[in-house]
Each structure stands twice: as C-alpha cells, then as structure tokens.
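Asks: Here you go, coords-v2.txt (compact mmCIF, C-alpha atoms and all ligand atoms):
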```txt
# COMPACT_ATOMS: atom_id res chain seq x y z
CA MET A 1 71.71 196.36 134.97
CA ALA A 2 68.09 196.51 133.84
CA ALA A 3 65.82 193.65 134.83
CA THR A 4 67.27 190.38 133.64
CA GLU A 5 64.86 188.79 131.17
CA ASN A 6 64.09 185.09 131.37
CA ALA A 7 66.46 184.54 134.27
CA PRO A 8 65.52 181.16 135.69
CA ALA A 9 65.14 180.74 139.42
CA GLY A 10 67.70 178.81 141.38
CA PRO A 11 71.48 178.61 141.38
CA GLN A 12 73.24 180.06 138.36
CA ARG A 13 76.81 179.91 137.26
CA VAL A 14 78.52 182.96 135.79
CA SER A 15 82.06 182.49 134.53
CA VAL A 16 84.01 185.69 134.01
CA VAL A 17 86.88 185.46 131.56
CA LEU A 18 89.55 187.93 132.57
CA THR A 19 91.75 189.11 129.74
CA GLY A 20 94.38 190.91 131.76
CA PRO A 21 98.05 190.40 132.50
CA CYS A 22 99.79 187.47 134.13
CA ASN A 23 102.91 187.53 136.28
CA TYR A 24 104.02 184.12 134.97
CA ARG A 25 105.31 183.08 131.54
CA CYS A 26 104.64 179.34 131.43
CA PHE A 27 106.34 177.84 128.37
CA TYR A 28 103.14 175.92 127.50
CA CYS A 29 100.75 178.86 128.00
CA CYS A 30 98.00 178.73 125.38
CA VAL A 31 97.15 182.42 125.82
CA GLY A 32 100.48 183.49 124.33
CA HIS A 33 103.23 185.56 125.93
CA GLU A 34 102.79 188.29 123.34
CA ARG A 35 99.19 188.85 124.34
CA LEU A 36 100.00 188.64 128.05
CA ARG A 37 102.70 191.30 127.64
CA GLY A 38 100.26 193.86 126.27
CA ALA A 39 97.27 192.84 128.38
CA ARG A 40 95.40 195.26 130.63
CA PHE A 41 92.32 194.61 132.71
CA GLY A 42 89.16 196.27 131.45
CA ARG A 43 86.20 197.94 133.09
CA LEU A 44 85.70 195.18 135.62
CA ALA A 45 88.80 196.53 137.35
CA THR A 46 86.96 199.80 138.07
CA PRO A 47 84.49 200.40 140.93
CA GLU A 48 81.72 200.90 138.34
CA GLY A 49 82.50 197.62 136.57
CA GLU A 50 82.57 195.79 139.89
CA ARG A 51 79.22 197.32 140.85
CA GLN A 52 77.68 196.26 137.52
CA LEU A 53 78.86 192.68 137.93
CA LEU A 54 77.53 192.40 141.47
CA GLN A 55 74.22 193.86 140.29
CA LEU A 56 74.04 191.25 137.51
CA LEU A 57 74.68 188.43 139.98
CA ASP A 58 72.10 189.76 142.43
CA GLY A 59 69.57 189.99 139.58
CA LEU A 60 70.11 186.31 138.79
CA GLY A 61 69.58 185.17 142.37
CA SER A 62 72.02 182.90 144.09
CA CYS A 63 75.05 182.35 141.86
CA VAL A 64 78.41 180.72 141.64
CA LEU A 65 80.86 183.31 140.32
CA ASN A 66 83.75 181.66 138.54
CA LEU A 67 86.75 183.92 137.89
CA CYS A 68 89.02 182.49 135.26
CA GLY A 69 90.76 183.46 132.07
CA GLY A 70 94.11 184.02 130.51
CA GLY A 71 95.20 186.63 133.03
CA GLU A 72 95.97 185.92 136.67
CA VAL A 73 92.81 186.69 138.65
CA ALA A 74 94.61 187.96 141.74
CA LEU A 75 96.31 190.73 139.69
CA LEU A 76 92.92 192.38 139.19
CA PRO A 77 93.43 195.61 141.21
CA ASN A 78 90.05 195.18 142.96
CA PHE A 79 90.40 191.39 143.34
CA LEU A 80 89.77 191.38 147.10
CA SER A 81 86.88 193.84 147.07
CA LEU A 82 85.23 192.05 144.12
CA CYS A 83 85.59 188.63 145.76
CA GLY A 84 84.47 189.96 149.14
CA GLY A 85 81.47 191.76 147.61
CA ALA A 86 80.41 188.70 145.59
CA ALA A 87 80.81 186.39 148.58
CA ARG A 88 78.14 188.28 150.50
CA ASN A 89 75.32 186.84 148.36
CA HIS A 90 77.03 184.32 146.12
CA ARG A 91 79.65 181.62 146.10
CA LEU A 92 83.07 181.81 144.50
CA GLU A 93 85.25 179.67 142.32
CA LEU A 94 88.70 180.83 141.23
CA ILE A 95 91.27 179.45 138.85
CA SER A 96 94.63 180.92 139.75
CA ASN A 97 98.38 180.39 139.58
CA PHE A 98 98.35 181.06 143.36
CA SER A 99 101.43 183.24 143.37
CA TRP A 100 99.85 185.39 146.08
CA ASP A 101 99.69 185.64 149.86
CA PRO A 102 96.50 183.91 151.03
CA THR A 103 96.13 185.95 154.25
CA PRO A 104 94.30 189.02 152.81
CA PHE A 105 92.07 186.68 150.80
CA ARG A 106 91.16 184.79 153.97
CA ARG A 107 90.16 188.09 155.59
CA ALA A 108 88.01 189.10 152.59
CA VAL A 109 86.28 185.80 151.80
CA PRO A 110 85.14 183.24 154.39
CA ALA A 111 85.87 179.62 153.51
CA ASP A 112 82.18 178.69 153.56
CA ARG A 113 81.49 181.12 150.67
CA VAL A 114 83.96 179.33 148.39
CA ASP A 115 82.98 176.47 146.10
CA SER A 116 86.44 175.74 144.83
CA LEU A 117 89.89 177.29 144.59
CA ILE A 118 91.58 175.68 141.62
CA LEU A 119 95.27 176.35 142.03
CA SER A 120 97.69 175.59 139.21
CA LEU A 121 101.15 174.31 139.97
CA HIS A 122 103.09 175.94 137.14
CA PRO A 123 106.85 175.86 136.45
CA GLU A 124 107.48 179.19 138.19
CA ALA A 125 105.72 177.93 141.31
CA GLU A 126 107.83 174.78 141.13
CA SER A 127 110.93 176.94 141.51
CA ASP A 128 109.64 177.77 145.01
CA LEU A 129 107.79 174.55 145.62
CA VAL A 130 108.04 174.76 149.39
CA GLY A 131 106.44 178.24 149.36
CA PHE A 132 103.62 177.03 147.09
CA GLN A 133 102.98 174.02 149.31
CA ARG A 134 103.01 176.17 152.45
CA ARG A 135 100.40 178.56 151.00
CA VAL A 136 98.25 175.66 149.84
CA LEU A 137 98.36 174.03 153.27
CA GLU A 138 97.47 177.32 154.94
CA LEU A 139 94.29 177.58 152.90
CA GLY A 140 93.52 173.87 153.22
CA GLU A 141 93.85 173.95 157.00
CA ALA A 142 91.59 177.00 157.10
CA GLY A 143 88.86 174.91 155.45
CA TYR A 144 88.88 176.30 151.89
CA PRO A 145 87.88 173.69 149.28
CA LEU A 146 90.96 173.34 147.10
CA GLN A 147 92.26 171.43 144.18
CA ILE A 148 95.72 171.56 142.70
CA ILE A 149 95.96 171.21 138.95
CA TYR A 150 99.03 170.31 136.94
CA VAL A 151 99.41 170.59 133.17
CA ALA A 152 100.64 167.27 131.81
CA HIS A 153 103.04 168.68 129.23
CA PRO A 154 105.05 165.74 127.82
CA THR A 155 108.21 167.12 129.47
CA ARG A 156 106.58 167.32 132.93
CA LEU A 157 105.27 163.80 133.45
CA GLY A 158 108.14 162.62 135.68
CA ALA A 159 107.12 164.80 138.63
CA ILE A 160 103.48 163.66 138.75
CA PRO A 161 103.88 160.77 141.25
CA GLU A 162 105.78 162.93 143.75
CA TYR A 163 103.30 165.82 143.61
CA HIS A 164 100.35 163.47 143.73
CA GLY A 165 101.89 161.80 146.81
CA PHE A 166 102.46 165.11 148.60
CA PHE A 167 99.02 166.60 148.07
CA THR A 168 97.03 163.42 148.64
CA ARG A 169 98.97 162.84 151.90
CA HIS A 170 97.48 166.16 152.99
CA SER A 171 94.00 165.10 151.79
CA LEU A 172 94.08 167.57 148.90
CA LEU A 173 92.86 166.81 145.40
CA PHE A 174 95.69 166.79 142.84
CA ARG A 175 94.48 166.73 139.24
CA VAL A 176 96.55 166.38 136.10
CA ILE A 177 94.97 168.11 133.12
CA PRO A 178 95.79 167.77 129.41
CA PHE A 179 98.28 170.02 127.70
CA ARG A 180 96.57 171.70 124.79
CA GLY A 181 98.92 172.97 122.16
CA GLU A 182 101.78 172.02 119.90
CA PHE A 183 105.02 170.37 120.97
CA GLU A 184 107.70 169.10 118.57
CA GLY A 185 105.26 169.39 115.68
CA ARG A 186 102.55 167.31 117.31
CA HIS A 187 99.17 168.54 118.53
CA TYR A 188 98.18 167.70 122.05
CA PRO A 189 96.17 166.20 123.66
CA GLN A 190 95.66 164.04 120.56
CA ALA A 191 99.39 163.26 120.33
CA TYR A 192 99.79 161.63 123.76
CA THR A 193 101.38 158.25 123.18
CA ALA A 194 100.15 155.06 124.83
CA GLU A 195 103.24 155.14 127.03
CA GLU A 196 102.54 158.72 128.13
CA LEU A 197 98.90 157.93 128.82
CA ALA A 198 99.96 154.94 130.90
CA ARG A 199 101.97 157.33 133.09
CA ILE A 200 99.20 159.91 133.31
CA LEU A 201 95.86 158.12 133.55
CA PRO A 202 96.44 156.46 136.96
CA TYR A 203 96.40 160.00 138.36
CA VAL A 204 93.24 161.10 136.54
CA VAL A 205 90.35 161.16 138.95
CA ASP A 206 87.32 162.25 136.96
CA PHE A 207 85.59 161.34 133.76
CA SER A 208 85.79 164.80 132.25
CA THR A 209 89.58 164.87 132.43
CA HIS A 210 89.88 161.27 131.26
CA TYR A 211 87.80 162.23 128.26
CA GLY A 212 90.06 165.21 127.58
CA PHE A 213 93.19 163.03 127.58
CA THR A 214 91.87 160.15 125.55
CA ARG A 215 89.35 161.65 123.16
CA GLY A 216 90.02 165.38 122.93
CA ALA A 217 86.97 167.52 122.35
CA ARG A 218 83.35 166.67 122.93
CA LEU A 219 80.94 167.11 120.05
CA HIS A 220 77.60 168.37 121.18
CA TRP A 221 76.27 170.46 118.32
CA GLY A 222 72.50 170.14 118.11
CA ARG A 223 72.12 168.47 121.47
CA PRO A 224 70.12 170.27 124.13
CA CYS A 225 72.20 172.21 126.60
CA ALA A 226 71.31 174.44 129.51
CA ALA A 227 74.19 176.89 128.97
CA GLY A 228 72.63 180.31 128.47
CA HIS A 229 69.71 179.26 130.60
CA ARG A 230 71.50 178.15 133.75
CA SER A 231 75.03 179.38 133.16
CA PHE A 232 76.69 182.26 131.36
CA LEU A 233 80.11 183.29 130.23
CA LEU A 234 81.10 186.92 130.47
CA PHE A 235 84.12 188.54 128.82
CA GLU A 236 85.53 191.11 131.18
CA GLU A 237 87.19 192.95 128.27
CA ASP A 238 84.03 194.16 126.52
CA GLY A 239 81.23 192.89 128.77
CA ARG A 240 79.78 190.41 126.23
CA ILE A 241 77.72 187.64 127.80
CA LEU A 242 77.63 184.35 125.88
CA ARG A 243 76.19 180.91 126.52
CA CYS A 244 79.62 179.38 127.00
CA GLN A 245 83.16 179.75 125.72
CA HIS A 246 82.43 177.96 122.44
CA SER A 247 79.02 179.37 121.57
CA ARG A 248 78.70 182.51 119.47
CA THR A 249 75.25 183.33 120.82
CA VAL A 250 75.48 186.71 122.53
CA LEU A 251 72.88 186.95 125.28
CA GLY A 252 73.74 190.31 126.74
CA ASN A 253 76.33 192.84 127.71
CA LEU A 254 77.30 193.68 131.26
CA TYR A 255 78.42 197.21 130.52
CA ASP A 256 75.43 198.02 128.28
CA GLY A 257 73.14 196.69 131.01
CA TRP A 258 71.19 193.90 129.34
CA LEU A 259 70.88 190.14 129.54
CA HIS A 260 68.33 188.09 127.70
CA ALA A 261 68.75 184.61 129.14
CA LEU A 262 67.40 181.60 127.25
CA ASP A 263 64.08 180.64 128.78
CA ARG A 264 64.85 176.94 128.48
CA PRO A 265 67.70 174.63 127.45
CA ALA A 266 68.47 175.00 123.75
CA PRO A 267 70.46 173.08 121.13
CA CYS A 268 74.22 173.46 121.39
CA ASP A 269 75.40 175.85 118.68
CA ALA A 270 79.11 175.11 118.97
CA LEU A 271 80.91 172.52 116.91
CA VAL A 272 83.21 171.36 119.66
CA CYS A 273 83.62 171.87 123.35
CA LEU A 274 86.87 171.80 125.27
CA CYS A 275 85.58 172.98 128.63
CA GLY A 276 84.17 170.77 131.35
CA GLN A 277 80.97 172.72 131.38
CA CYS A 278 79.00 170.60 128.93
CA GLN A 279 79.05 167.55 131.09
CA ALA A 280 77.75 169.48 134.04
CA GLU A 281 75.12 170.89 131.74
CA GLU A 282 74.12 167.49 130.48
CA ALA A 283 73.96 166.04 133.96
CA PHE A 284 71.83 169.02 134.85
CA LEU A 285 69.55 168.38 131.89
CA GLN A 286 68.84 164.86 133.02
CA ALA A 287 67.69 166.21 136.36
CA TYR A 288 65.87 169.07 134.67
CA TYR A 289 63.74 166.81 132.52
CA ARG A 290 63.22 164.24 135.25
CA CYS A 291 61.77 167.01 137.37
CA GLY A 292 59.33 168.02 134.64
CA GLY A 293 61.41 170.94 133.44
CA GLN A 294 62.01 172.52 136.81
CA LEU A 295 64.95 172.08 139.05
CA ALA A 296 62.87 170.80 141.93
CA ALA A 297 65.56 168.58 143.38
CA PRO A 298 69.32 168.72 143.74
CA LEU A 299 71.38 167.16 140.97
CA PRO A 300 71.59 163.40 141.40
CA GLU A 301 74.85 161.76 142.29
CA THR A 302 75.95 160.31 138.97
CA SER A 303 78.33 157.41 138.70
CA LEU A 304 81.25 157.59 136.34
CA ARG A 305 79.66 155.17 133.91
CA GLU A 306 76.30 156.93 133.88
CA TYR A 307 78.10 160.21 133.44
CA ALA A 308 80.03 158.80 130.51
CA ALA A 309 76.84 157.61 128.86
CA LEU A 310 75.31 161.07 129.22
CA CYS A 311 78.28 162.64 127.51
CA GLU A 312 78.75 160.19 124.68
CA PRO A 313 78.24 162.16 121.45
CA ASP A 314 75.99 160.93 118.69
CA TRP A 315 78.83 159.92 116.36
CA GLU A 316 76.59 159.30 113.34
CA PHE A 317 75.34 162.87 113.64
CA TYR A 318 78.89 164.17 113.32
CA GLU A 319 79.93 161.99 110.40
CA PRO A 320 79.31 164.79 107.82
CA TYR A 321 81.65 167.05 109.78
CA ARG A 322 84.55 164.65 109.83
CA GLU A 323 86.74 166.86 107.61
CA ALA A 324 86.04 170.04 109.54
CA LEU A 325 86.85 168.27 112.78
CA ALA A 326 90.04 166.79 111.40
CA ALA A 327 91.11 170.28 110.33
CA GLN A 328 90.80 171.33 113.94
CA HIS A 329 93.06 168.45 114.95
CA LEU A 330 90.31 166.71 116.85
CA HIS A 331 90.57 163.21 118.07
CA TRP A 332 88.42 161.33 115.62
CA GLY A 333 90.28 158.32 114.33
CA ALA A 334 91.17 156.63 117.59
CA ARG A 335 87.69 156.78 119.05
CA PRO A 336 87.29 154.06 121.63
CA SER A 337 84.13 152.06 121.93
CA PRO A 338 81.32 153.92 123.73
CA ARG A 339 81.47 151.36 126.50
CA ASP A 340 85.17 151.86 127.10
CA THR A 341 84.65 154.56 129.67
CA SER A 342 85.95 153.18 132.91
CA SER A 343 88.89 154.83 134.58
S1 LIG B 401 99.83 181.21 134.80
FE1 LIG B 401 98.33 180.66 133.21
S2 LIG B 401 98.01 182.58 132.01
FE2 LIG B 401 99.89 182.83 133.24
S3 LIG B 401 101.54 182.22 131.83
FE3 LIG B 401 100.98 180.40 133.07
S4 LIG B 401 99.46 179.29 131.81
FE4 LIG B 401 99.63 181.40 130.99
S1 LIG B 402 79.67 173.92 123.73
FE1 LIG B 402 79.03 172.75 125.53
S2 LIG B 402 78.34 174.30 127.05
FE2 LIG B 402 78.45 175.30 125.04
S3 LIG B 402 76.37 175.19 124.18
FE3 LIG B 402 77.51 173.41 123.43
S4 LIG B 402 77.09 171.74 124.84
FE4 LIG B 402 76.55 173.67 125.84
```
Please lay out the structure from this file as structure tokens.
Replies:
Amino acid sequence: MAATENAPAGPQRVSVVLTGPCNYRCFYCCVGHERLRGARFGRLATPEGERQLLQLLDGLGSCVLNLCGGGEVALLPNFLSLCGGAARNHRLELISNFSWDPTPFRRAVPADRVDSLILSLHPEAESDLVGFQRRVLELGEAGYPLQIIYVAHPTRLGAIPEYHGFFTRHSLLFRVIPFRGEFEGRHYPQAYTAEELARILPYVVDFSTHYGFTRGARLHWGRPCAAGHRSFLLFEEDGRILRCQHSRTVLGNLYDGWLHALDRPAPCDALVCLCGQCQAEEAFLQAYYRCGGQLAAPLPETSLREYAALCEPDWEFYEPYREALAAQHLHWGARPSPRDTSS
C-alpha cells in the first residue's frame, strides 16, 4: 500500500469484516443461512491479500487487528499464517465460534500477542459442550485472554446460570449479549420483557452490553468520534476501508492501495450505532482532548457511571429523527432516565 496519509501515531485498531462461509447454522444468525451457503472468502484469503493487509498494518504503526464478521474466521484458508504474520508486529483480537483445534493456533500465535479471543458458545457447540469447554480451558491455561459470549435468544435464557457458573469457576469471563433479530413477530433487543431482563441482567458485566439490552442502539450522529482517525473497518470482500460499520465514509481501499485517514476526530455520520466501538471511541476522545489533542497518556480507567455519562446521547438533538428511528425499530419510547445507568 502507498504511504498512508494522515495516519496518526500510536495504537490503531483495524477491524476486518470477513464475508466468507461458516460451518455453523445458528437458528438466530443475523447474517442469514442463504448468504452463508453461497459465501466465499475474497482476496484476503490469497497470499497477495494477506501481504497487503500486513503492509497496511505496518504502515499504521502498532495496531490491534480484529478479525470478525459473518463468516467463521478460522475457516479462512490462510488463517494461521495471517494471524502469525500479524502477531509479529501487532496484537490480535478474534471473534469466533471456536469450532477448531487450538493447538496449531497456539503454535502460530503466542499468548502475549493476543488482546482478546472472543469465543461464542452457539447451539452447535452446546451439542458437544464438554469438547468446547475442554478447548476453552486449554487456551485459558496457556494464558490467552479469553471471553465466552452467549447470545441471549429468548429460548436460551434457562442455561445462562449454569454456563456462567462453569466459566466463572475457571476464572473466565462469560458475557451474555443481546439477540438482534425477530422472534415470534417481535423485534429484539427492544422486545425483551421485564421478566426476561430480570433473568439476564444479573449476568451482564459491562455498561456497553447493559445499554444494548435495555436501550438498543446508541445515537451519536453529529457527535465527535475518533473512528476513521484511530480505528478503521475493512471489508475483506472488496477491500473498502470505512470509519466503522455504520458510517458510509469510505477512507480507502486495501486492494487499490490507498488510505486517507481522518487527521482528527470528526462528527459521527451514522444515524445509529449497534457496535461497542463508539463507547471506546468516546472514552478515547475524553483522553484525547484532555491531553491537548494528542494521546500522550494511556486511556484513563473509567468507572461505569462516568462511562455511562460519556455515552448518553443528546436526546433533544435526535427528537426530529424520532420517526426514522422508530421505523428502524429502535428503542425510543422506554428510555430510562439518564441517571439510571447502574448495573
Ligand atoms: S457461528 Fe456466527 S456466522 Fe456462523 S451461523 Fe452462527 S451466528 Fe451465524
Ligand atoms: S457510529 Fe459510532 S463509531 Fe461510527 S462514526 Fe458514529 S460514533 Fe463513531
């Protein structure tokens, strides 16, 4: 890739959305089984694509490479060589269904080059629960930072206490995350009943997830955000590089060899945000401005309440968009008071 313009110094985050196949068919999958059936990995699965991605990361400096998407990351034919190559200069984060043998991964990527392995416990893994738990414990004992995530589909709530008990007994983080989609004619996460939330929320450990369960999407349009300046989202399929998964601002293309990063935080240009990225970005912004516009110090430890205050949207600002938001089934009516953020 040609010289990266406006790339800020310091740690970056590059999320790569894989659009390839998956070996599972979860009944609640929001990607869609039809799309998964026809899916193929793109140029990133070739040696040239891999080389271009590593060159992009090296051009940005020290990065966190996040591999995610609607395909299973470990099915990427060059998964191990890509992860191993990236781990030489960068750190890794993966979101995976963890249907794979961890031993070759351990050989390719040392534990101290991994930021987080986010492993989903899906229905097909539940059919061999002992095998899933054994693989998880193997990685945990080898020192890899792990978290287990579990989609709180309304039909799956009964198993939460048992799974939470098992993983926390082994000092592993078990996180329930909202189901996003339609079930029996109702749209989730907005449709969770008070009774369902009472079963779920005791197991929710972070503000971002609590927000997702109780309020749905965040509304950040017009507010300053460092996405595009400090973090990027790359679609493996065609190489497009965007600010984030909700923004339409194209900043570059991996395969065409250009990236024009924003030279400073810029107003959010997306109506809603469903990812957890915004909160990180907003926490970052606080530090960014406190340091006179440069990241001269590590991000401050932020308490849950302070974090909540940073993320609270300007509701007046969004009033004119009430109808558009309602059309997207967003959680508007049952908005709790801004101070009701403890969990
Ligand atoms: S593992 Fe993920 S991508 Fe694959 S079917 Fe399940 S939810 Fe969909
Ligand atoms: S949607 Fe979130 S991450 Fe994307 S630009 Fe807006 S605030 Fe930033």
Asks: Near stretch 134-143 of chain A, within 8 Å and counting only C-alpha atoms, which residues show up once chain neighbours fewer than 6 positions away are dropped, as an MDAnalysis selection string?
Replies: chainID A and resid 101:102 106 111:112 170 172
Asks: Looking at all atoms listed in the file, which of A:Phe167, A:Phe213, A:Phe179, A:Tyr255 is the one that sits closest to ligand LIG 401 (chain B)?
Replies: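 Of the candidates, the smallest distance to ligand LIG 401 (chain B) is held by A:Phe179.
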Asks: Show me which residues line ligand LIG 401 (chain B), defined as having an atom within 6 Å of a ligand atom where all atoms listed in the file count, and present them as a ChimeraX atom specification.
Replies: /A:22,24-26,29,31,70-71,97
Asks: Using the file's own x, y and z axes, so that the box edges lie along x, y and z, what centre and edge lengths in Å (one decimal) does a box around every listed atom of ligand LIG 402 (chain B) get when 4 Å is added on each side? Give it as JSON.
Replies:
```
{"center_x": 78.0, "center_y": 173.5, "center_z": 125.2, "size_x": 11.3, "size_y": 11.6, "size_z": 11.6}
```
Asks: Between A:Ser116, A:Phe183, A:Phe166, A:Pro110, single out the one closest to A:Leu129, counting all atoms listed in the file.
Replies: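 Result for the nearest residue to A:Leu129: A:Phe166.
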Asks: Measuring between all atoms listed in the file, which one of A:Gly228, A:Gly59, A:Gly252, A:Pro21 shows the shortest distance to ligand LIG 402 (chain B)?
Replies: A:Gly228
Asks: Within 12 Å of (100.8, 157.4, 132.3) in the file's own coordinates, which protein, DNA or RNA residues have an atom, counting all atoms listed in the file? List them as a PDB file with C-alpha atoms, in the coordinates of the input.
Replies:
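As a result, result_8.pdb now contains:
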```pdb
ATOM      1  CA  ALA A 152     100.640 167.270 131.810  1.00  0.00           C
ATOM      2  CA  HIS A 153     103.040 168.680 129.230  1.00  0.00           C
ATOM      3  CA  PRO A 154     105.050 165.740 127.820  1.00  0.00           C
ATOM      4  CA  ARG A 156     106.580 167.320 132.930  1.00  0.00           C
ATOM      5  CA  LEU A 157     105.270 163.800 133.450  1.00  0.00           C
ATOM      6  CA  GLY A 158     108.140 162.620 135.680  1.00  0.00           C
ATOM      7  CA  ALA A 159     107.120 164.800 138.630  1.00  0.00           C
ATOM      8  CA  ILE A 160     103.480 163.660 138.750  1.00  0.00           C
ATOM      9  CA  PRO A 161     103.880 160.770 141.250  1.00  0.00           C
ATOM     10  CA  VAL A 176      96.550 166.380 136.100  1.00  0.00           C
ATOM     11  CA  PRO A 178      95.790 167.770 129.410  1.00  0.00           C
ATOM     12  CA  TYR A 192      99.790 161.630 123.760  1.00  0.00           C
ATOM     13  CA  THR A 193     101.380 158.250 123.180  1.00  0.00           C
ATOM     14  CA  ALA A 194     100.150 155.060 124.830  1.00  0.00           C
ATOM     15  CA  GLU A 195     103.240 155.140 127.030  1.00  0.00           C
ATOM     16  CA  GLU A 196     102.540 158.720 128.130  1.00  0.00           C
ATOM     17  CA  LEU A 197      98.900 157.930 128.820  1.00  0.00           C
ATOM     18  CA  ALA A 198      99.960 154.940 130.900  1.00  0.00           C
ATOM     19  CA  ARG A 199     101.970 157.330 133.090  1.00  0.00           C
ATOM     20  CA  ILE A 200      99.200 159.910 133.310  1.00  0.00           C
ATOM     21  CA  LEU A 201      95.860 158.120 133.550  1.00  0.00           C
ATOM     22  CA  PRO A 202      96.440 156.460 136.960  1.00  0.00           C
ATOM     23  CA  TYR A 203      96.400 160.000 138.360  1.00  0.00           C
ATOM     24  CA  VAL A 204      93.240 161.100 136.540  1.00  0.00           C
ATOM     25  CA  HIS A 210      89.880 161.270 131.260  1.00  0.00           C
ATOM     26  CA  PHE A 213      93.190 163.030 127.580  1.00  0.00           C
ATOM     27  CA  THR A 214      91.870 160.150 125.550  1.00  0.00           C
TER      28      THR A 214
END
```
Asks: Find, counting only C-alpha atoms, the residue in A:Ser81, A:Ser99, A:Gln245, A:Asn253 that gets nearest to A:Ala125.
Replies: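 The shortest atom-to-atom distance to A:Ala125 comes from A:Ser99.
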Asks: Could you tell me how far atom CA of A:Arg113 lies from atom CA of A:Val73, in Å and to one decimal?
Replies: 17.4 Å
Asks: Neighbourhood query: residues within 9 Å of (90.2, 162.8, 144.3), file coordinates, counting all atoms listed in the file; return as a list of chain:residue names.
Replies: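 The residues near that point, listed by chain and number, are A:Gln147, A:Thr168, A:Ser171, A:Leu172, A:Leu173, A:Phe174, A:Arg175, A:Val204, A:Val205, A:Asp206.
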Asks: Store the residues of this selection in a file with C-alpha atoms, as an mmCIF file, in the frame of the given file.
Replies:
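Printed below is selection_7.cif as written:
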```cif
data_model
loop_
_atom_site.group_PDB
_atom_site.id
_atom_site.type_symbol
_atom_site.label_atom_id
_atom_site.label_comp_id
_atom_site.auth_asym_id
_atom_site.auth_seq_id
_atom_site.Cartn_x
_atom_site.Cartn_y
_atom_site.Cartn_z
ATOM 1 C CA GLN A 147 92.260 171.430 144.180
ATOM 2 C CA THR A 168 97.030 163.420 148.640
ATOM 3 C CA SER A 171 94.000 165.100 151.790
ATOM 4 C CA LEU A 172 94.080 167.570 148.900
ATOM 5 C CA LEU A 173 92.860 166.810 145.400
ATOM 6 C CA PHE A 174 95.690 166.790 142.840
ATOM 7 C CA ARG A 175 94.480 166.730 139.240
ATOM 8 C CA VAL A 204 93.240 161.100 136.540
ATOM 9 C CA VAL A 205 90.350 161.160 138.950
ATOM 10 C CA ASP A 206 87.320 162.250 136.960
#
```
Asks: Using all atoms listed in the file, which of the listed residues (A:Asp256, A:Glu182, A:Glu126, A:Asp269) sits closest to ligand LIG 402 (chain B)?
Replies: A:Asp269
Asks: Using the partial input, fill out stretch 175-189 of chain A with N, CA and C atoms; write the result as a compact mmCIF listing (two decimals), in the coordinates of the input.
Replies:
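Output below, filename out.txt:
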```txt
# COMPACT_ATOMS: atom_id res chain seq x y z
N ARG A 175 95.02 167.15 140.54
CA ARG A 175 94.48 166.73 139.24
C ARG A 175 95.46 167.07 138.12
N VAL A 176 95.78 166.07 137.31
CA VAL A 176 96.55 166.38 136.10
C VAL A 176 95.55 166.71 135.00
N ILE A 177 95.87 167.72 134.21
CA ILE A 177 94.97 168.11 133.12
C ILE A 177 95.76 168.08 131.81
N PRO A 178 95.07 167.90 130.69
CA PRO A 178 95.79 167.77 129.41
C PRO A 178 96.48 169.06 129.01
N PHE A 179 97.64 168.90 128.40
CA PHE A 179 98.28 170.02 127.70
C PHE A 179 97.56 170.21 126.38
N ARG A 180 97.20 171.42 126.07
CA ARG A 180 96.57 171.70 124.79
C ARG A 180 97.47 172.64 124.01
N GLY A 181 98.02 172.14 122.95
CA GLY A 181 98.92 172.97 122.16
C GLY A 181 99.85 172.09 121.35
N GLU A 182 100.88 172.73 120.79
CA GLU A 182 101.78 172.02 119.90
C GLU A 182 103.14 171.83 120.57
N PHE A 183 103.69 170.64 120.44
CA PHE A 183 105.02 170.37 120.97
C PHE A 183 105.72 169.44 119.99
N GLU A 184 106.90 169.85 119.54
CA GLU A 184 107.70 169.10 118.57
C GLU A 184 106.86 168.67 117.37
N GLY A 185 106.05 169.62 116.89
CA GLY A 185 105.26 169.39 115.68
C GLY A 185 104.03 168.53 115.87
N ARG A 186 103.74 168.15 117.09
CA ARG A 186 102.55 167.31 117.31
C ARG A 186 101.53 168.08 118.14
N HIS A 187 100.25 167.83 117.85
CA HIS A 187 99.17 168.54 118.53
C HIS A 187 98.66 167.73 119.70
N TYR A 188 98.67 168.37 120.84
CA TYR A 188 98.18 167.70 122.05
C TYR A 188 96.81 168.27 122.42
N PRO A 189 95.93 167.49 123.02
CA PRO A 189 96.17 166.20 123.66
C PRO A 189 96.12 164.99 122.73
```
